[in-house]
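Engineer: I'd like to ask some things about the structure below.
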Amino acid sequence: MVDKFDKGTRSSIMSKIKSSNTKVEVKFKKALSKSGIKGYKSNYKIIGKPDVAFPKRKVAIFIDGDFWHGYNWKKLGKAPPKKYWQAKIMGNIKRDKKCSRALKKDGWKVMRFWEHEINSNVEKCLAKVQAALQVCKMP
């Protein structure tokens, strides 16, 4: 693949893309705090590094960006034209599934929210979190 930018410029561009504390993550964490849900950790150091984790209840929450994690990208016709990006997104999808399986095997409840879900109805996402936390009682 030929890039229109030289290696240094591309590296600089890519380094500015945030991987944590994105706008949607900040919105979700603020909503958690506002709703009174406590006891979570940000970027907890377990498999997959969930965006939000409740270690005592073993609940891991991932907030997946629609583009980077491939939300219906083929079905919606939003697949990027370059094979490099298609391979990158497919790799992210496979890694997400692998991490979810590993965490579930280790006894974690894994929740994944799409960026558009949080942006359109964060309250619905919070209700799902509250329900999961009630089921996953502390040991």
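Residue numbers start at 1 in each chain; chains themselves are named A, B, ... in the order of the structure tokens; ligands are numbered from 1 in the order shown.
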Just asking: which residues within segment 41-100 of chain A are alpha helix (DSSP H) according to DSSP, as a list in words?

Structural biologist: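 Taking segment 41-100 of chain A and keeping alpha helix (DSSP H) gives Lys83, Tyr84, Trp85, Gln86, Ala87, Lys88, Ile89, Met90, Gly91, Asn92, Ile93, Lys94, Arg95, Asp96, Lys97, Lys98, Cys99 and Ser100 of chain A.
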
Engineer: What does the file look like for those residues with N, CA and C atoms, as a PDB file, in the first residue's frame?

Structural biologist:
```pdb
ATOM      1  N   LYS A  83      -7.117  -2.285   1.676  1.00  0.00           N
ATOM      2  CA  LYS A  83      -7.014  -3.608   2.298  1.00  0.00           C
ATOM      3  C   LYS A  83      -6.318  -3.538   3.650  1.00  0.00           C
ATOM      4  N   TYR A  84      -5.369  -2.613   3.798  1.00  0.00           N
ATOM      5  CA  TYR A  84      -4.669  -2.463   5.072  1.00  0.00           C
ATOM      6  C   TYR A  84      -5.663  -2.190   6.198  1.00  0.00           C
ATOM      7  N   TRP A  85      -6.592  -1.253   5.982  1.00  0.00           N
ATOM      8  CA  TRP A  85      -7.550  -0.886   7.029  1.00  0.00           C
ATOM      9  C   TRP A  85      -8.557  -1.999   7.257  1.00  0.00           C
ATOM     10  N   GLN A  86      -8.946  -2.686   6.198  1.00  0.00           N
ATOM     11  CA  GLN A  86      -9.852  -3.818   6.374  1.00  0.00           C
ATOM     12  C   GLN A  86      -9.201  -4.894   7.237  1.00  0.00           C
ATOM     13  N   ALA A  87      -7.933  -5.170   6.986  1.00  0.00           N
ATOM     14  CA  ALA A  87      -7.205  -6.167   7.776  1.00  0.00           C
ATOM     15  C   ALA A  87      -7.061  -5.694   9.227  1.00  0.00           C
ATOM     16  N   LYS A  88      -6.808  -4.418   9.414  1.00  0.00           N
ATOM     17  CA  LYS A  88      -6.663  -3.851  10.761  1.00  0.00           C
ATOM     18  C   LYS A  88      -7.964  -4.009  11.551  1.00  0.00           C
ATOM     19  N   ILE A  89      -9.078  -3.669  10.926  1.00  0.00           N
ATOM     20  CA  ILE A  89     -10.370  -3.776  11.607  1.00  0.00           C
ATOM     21  C   ILE A  89     -10.719  -5.240  11.879  1.00  0.00           C
ATOM     22  N   MET A  90     -10.467  -6.117  10.921  1.00  0.00           N
ATOM     23  CA  MET A  90     -10.717  -7.553  11.139  1.00  0.00           C
ATOM     24  C   MET A  90      -9.866  -8.069  12.306  1.00  0.00           C
ATOM     25  N   GLY A  91      -8.640  -7.595  12.398  1.00  0.00           N
ATOM     26  CA  GLY A  91      -7.775  -7.969  13.522  1.00  0.00           C
ATOM     27  C   GLY A  91      -8.347  -7.496  14.845  1.00  0.00           C
ATOM     28  N   ASN A  92      -8.896  -6.280  14.863  1.00  0.00           N
ATOM     29  CA  ASN A  92      -9.525  -5.759  16.085  1.00  0.00           C
ATOM     30  C   ASN A  92     -10.732  -6.598  16.476  1.00  0.00           C
ATOM     31  N   ILE A  93     -11.541  -6.987  15.500  1.00  0.00           N
ATOM     32  CA  ILE A  93     -12.733  -7.802  15.765  1.00  0.00           C
ATOM     33  C   ILE A  93     -12.317  -9.148  16.358  1.00  0.00           C
ATOM     34  N   LYS A  94     -11.324  -9.777  15.760  1.00  0.00           N
ATOM     35  CA  LYS A  94     -10.845 -11.077  16.260  1.00  0.00           C
ATOM     36  C   LYS A  94     -10.262 -10.943  17.668  1.00  0.00           C
ATOM     37  N   ARG A  95      -9.474  -9.890  17.903  1.00  0.00           N
ATOM     38  CA  ARG A  95      -8.890  -9.670  19.224  1.00  0.00           C
ATOM     39  C   ARG A  95      -9.989  -9.443  20.273  1.00  0.00           C
ATOM     40  N   ASP A  96     -11.027  -8.672  19.910  1.00  0.00           N
ATOM     41  CA  ASP A  96     -12.134  -8.421  20.839  1.00  0.00           C
ATOM     42  C   ASP A  96     -12.802  -9.732  21.248  1.00  0.00           C
ATOM     43  N   LYS A  97     -13.055 -10.603  20.271  1.00  0.00           N
ATOM     44  CA  LYS A  97     -13.694 -11.889  20.566  1.00  0.00           C
ATOM     45  C   LYS A  97     -12.807 -12.756  21.445  1.00  0.00           C
ATOM     46  N   LYS A  98     -11.519 -12.776  21.148  1.00  0.00           N
ATOM     47  CA  LYS A  98     -10.566 -13.575  21.916  1.00  0.00           C
ATOM     48  C   LYS A  98     -10.499 -13.086  23.371  1.00  0.00           C
ATOM     49  N   CYS A  99     -10.437 -11.768  23.559  1.00  0.00           N
ATOM     50  CA  CYS A  99     -10.394 -11.188  24.905  1.00  0.00           C
ATOM     51  C   CYS A  99     -11.673 -11.486  25.677  1.00  0.00           C
ATOM     52  N   SER A 100     -12.814 -11.348  25.020  1.00  0.00           N
ATOM     53  CA  SER A 100     -14.093 -11.614  25.681  1.00  0.00           C
ATOM     54  C   SER A 100     -14.163 -13.071  26.131  1.00  0.00           C
TER      55      SER A 100
END
```

Engineer: In Å to one decimal, how far is atom CA of Gly107 of chain A from atom CA of Ala31 of chain A?

Structural biologist: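 Between atom CA of Ala31 of chain A and atom CA of Gly107 of chain A the gap is 26.1 Å.
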
Engineer: With a distance cut-off of 12 Å and only C-alpha atoms, select the neighbouring residues of Asp66 of chain A, excluding the residue or stretch itself and same-chain residues fewer than 3 positions from it, and output the selection as a compact mmCIF listing (two decimals) with N, CA and C atoms, in the first residue's frame.

Structural biologist:
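Printed below is selection04.txt as written:
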```txt
# COMPACT_ATOMS: atom_id res chain seq x y z
N VAL A 24 -16.35 9.55 23.99
CA VAL A 24 -17.44 8.65 24.37
C VAL A 24 -17.14 7.96 25.71
N ILE A 63 -15.84 -0.11 25.60
CA ILE A 63 -16.55 0.85 24.78
C ILE A 63 -15.86 0.84 23.42
N HIS A 69 -13.71 -0.80 15.61
CA HIS A 69 -14.10 -2.16 15.99
C HIS A 69 -15.09 -2.77 15.02
N GLY A 70 -15.35 -2.09 13.91
CA GLY A 70 -16.08 -2.67 12.79
C GLY A 70 -17.57 -2.86 12.98
N TYR A 71 -18.25 -1.86 13.51
CA TYR A 71 -19.70 -1.99 13.69
C TYR A 71 -20.38 -2.19 12.33
N ASN A 72 -20.88 -3.39 12.10
CA ASN A 72 -21.60 -3.74 10.86
C ASN A 72 -20.95 -3.12 9.62
N TRP A 73 -19.65 -3.04 9.62
CA TRP A 73 -18.96 -2.30 8.56
C TRP A 73 -19.15 -2.90 7.19
N LEU A 76 -23.18 -2.51 6.37
CA LEU A 76 -23.58 -1.12 6.12
C LEU A 76 -22.83 -0.50 4.95
N LYS A 78 -19.68 0.24 4.89
CA LYS A 78 -18.74 1.24 5.40
C LYS A 78 -17.32 0.67 5.49
N ALA A 79 -17.07 -0.41 4.78
CA ALA A 79 -15.72 -0.97 4.79
C ALA A 79 -14.77 0.01 4.11
N ILE A 89 -9.08 -3.67 10.93
CA ILE A 89 -10.37 -3.78 11.61
C ILE A 89 -10.72 -5.24 11.88
N ASN A 92 -8.90 -6.28 14.86
CA ASN A 92 -9.53 -5.76 16.08
C ASN A 92 -10.73 -6.60 16.48
N ILE A 93 -11.54 -6.99 15.50
CA ILE A 93 -12.73 -7.80 15.76
C ILE A 93 -12.32 -9.15 16.36
N ARG A 112 -20.06 -5.08 26.26
CA ARG A 112 -19.51 -4.25 25.19
C ARG A 112 -20.59 -3.29 24.71
N PHE A 113 -20.24 -2.03 24.68
CA PHE A 113 -21.15 -1.01 24.17
C PHE A 113 -20.51 -0.35 22.96
N TRP A 114 -21.31 -0.15 21.94
CA TRP A 114 -20.84 0.56 20.76
C TRP A 114 -20.89 2.05 21.03
N GLU A 115 -20.00 2.77 20.40
CA GLU A 115 -19.93 4.22 20.51
C GLU A 115 -21.29 4.86 20.24
N HIS A 116 -21.98 4.42 19.19
CA HIS A 116 -23.27 5.04 18.84
C HIS A 116 -24.35 4.72 19.89
N GLU A 117 -24.25 3.59 20.59
CA GLU A 117 -25.21 3.26 21.64
C GLU A 117 -25.10 4.26 22.79
N ILE A 118 -23.88 4.55 23.19
CA ILE A 118 -23.67 5.48 24.30
C ILE A 118 -24.08 6.89 23.88
N ASN A 119 -23.72 7.27 22.67
CA ASN A 119 -24.06 8.62 22.21
C ASN A 119 -25.57 8.81 22.05
```

Engineer: Let's see if you can do this: from backbone DSSP, list all strand (DSSP E) residues in segment 10-104 of chain A, as a PDB file with N, CA and C atoms, in the first residue's frame.

Structural biologist:
```pdb
ATOM      1  N   LYS A  41     -12.956   0.879  38.071  1.00  0.00           N
ATOM      2  CA  LYS A  41     -11.588   1.289  37.755  1.00  0.00           C
ATOM      3  C   LYS A  41     -11.517   1.565  36.264  1.00  0.00           C
ATOM      4  N   SER A  42     -10.693   2.535  35.882  1.00  0.00           N
ATOM      5  CA  SER A  42     -10.488   2.838  34.472  1.00  0.00           C
ATOM      6  C   SER A  42      -9.236   2.127  33.983  1.00  0.00           C
ATOM      7  N   VAL A  52     -13.698   0.224  31.458  1.00  0.00           N
ATOM      8  CA  VAL A  52     -14.237   0.332  32.814  1.00  0.00           C
ATOM      9  C   VAL A  52     -14.313  -1.080  33.373  1.00  0.00           C
ATOM     10  N   ALA A  53     -13.852  -1.241  34.609  1.00  0.00           N
ATOM     11  CA  ALA A  53     -13.925  -2.565  35.240  1.00  0.00           C
ATOM     12  C   ALA A  53     -14.386  -2.417  36.685  1.00  0.00           C
ATOM     13  N   PHE A  54     -15.175  -3.377  37.103  1.00  0.00           N
ATOM     14  CA  PHE A  54     -15.595  -3.492  38.490  1.00  0.00           C
ATOM     15  C   PHE A  54     -14.925  -4.763  39.014  1.00  0.00           C
ATOM     16  N   VAL A  59     -16.825  -7.514  36.572  1.00  0.00           N
ATOM     17  CA  VAL A  59     -17.565  -7.003  35.418  1.00  0.00           C
ATOM     18  C   VAL A  59     -16.603  -6.110  34.625  1.00  0.00           C
ATOM     19  N   ALA A  60     -16.414  -6.450  33.355  1.00  0.00           N
ATOM     20  CA  ALA A  60     -15.537  -5.683  32.471  1.00  0.00           C
ATOM     21  C   ALA A  60     -16.379  -5.042  31.372  1.00  0.00           C
ATOM     22  N   ILE A  61     -16.167  -3.742  31.152  1.00  0.00           N
ATOM     23  CA  ILE A  61     -16.938  -3.007  30.153  1.00  0.00           C
ATOM     24  C   ILE A  61     -15.983  -2.436  29.114  1.00  0.00           C
ATOM     25  N   PHE A  62     -16.290  -2.725  27.860  1.00  0.00           N
ATOM     26  CA  PHE A  62     -15.520  -2.201  26.746  1.00  0.00           C
ATOM     27  C   PHE A  62     -16.408  -1.238  25.964  1.00  0.00           C
ATOM     28  N   ILE A  63     -15.840  -0.112  25.599  1.00  0.00           N
ATOM     29  CA  ILE A  63     -16.548   0.854  24.778  1.00  0.00           C
ATOM     30  C   ILE A  63     -15.861   0.839  23.419  1.00  0.00           C
ATOM     31  N   ASP A  64     -16.545   0.267  22.453  1.00  0.00           N
ATOM     32  CA  ASP A  64     -15.961   0.038  21.139  1.00  0.00           C
ATOM     33  C   ASP A  64     -16.362   1.132  20.153  1.00  0.00           C
TER      34      ASP A  64
END
```

Engineer: Under the rule that only C-alpha atoms are counted, which of A:Ser120, A:Gly65, A:Ile47, A:Lys58 is the nearest residue to Lys23 of chain A?

Structural biologist: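 The closest residue to Lys23 of chain A is A:Gly65.
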
Engineer: What does the distance between atom CA of Arg57 of chain A and atom CA of Asn43 of chain A come to in Å, to one decimal place?

Structural biologist: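 Separating atom CA of Arg57 of chain A from atom CA of Asn43 of chain A is a distance of 15.8 Å.
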
Engineer: What is the distance between atom CA of Lys109 of chain A and atom CA of Ser33 of chain A, in Å to one decimal?

Structural biologist: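 Between these atoms lies a distance of 20.4 Å.
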
Engineer: Point out the residue among A:Gly36, A:Lys4, A:Phe28, A:Gly48 with the least atom-to-atom distance to Arg101 of chain A, counting only C-alpha atoms.

Structural biologist: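 Of the candidates, the smallest distance to Arg101 of chain A is held by A:Gly48.
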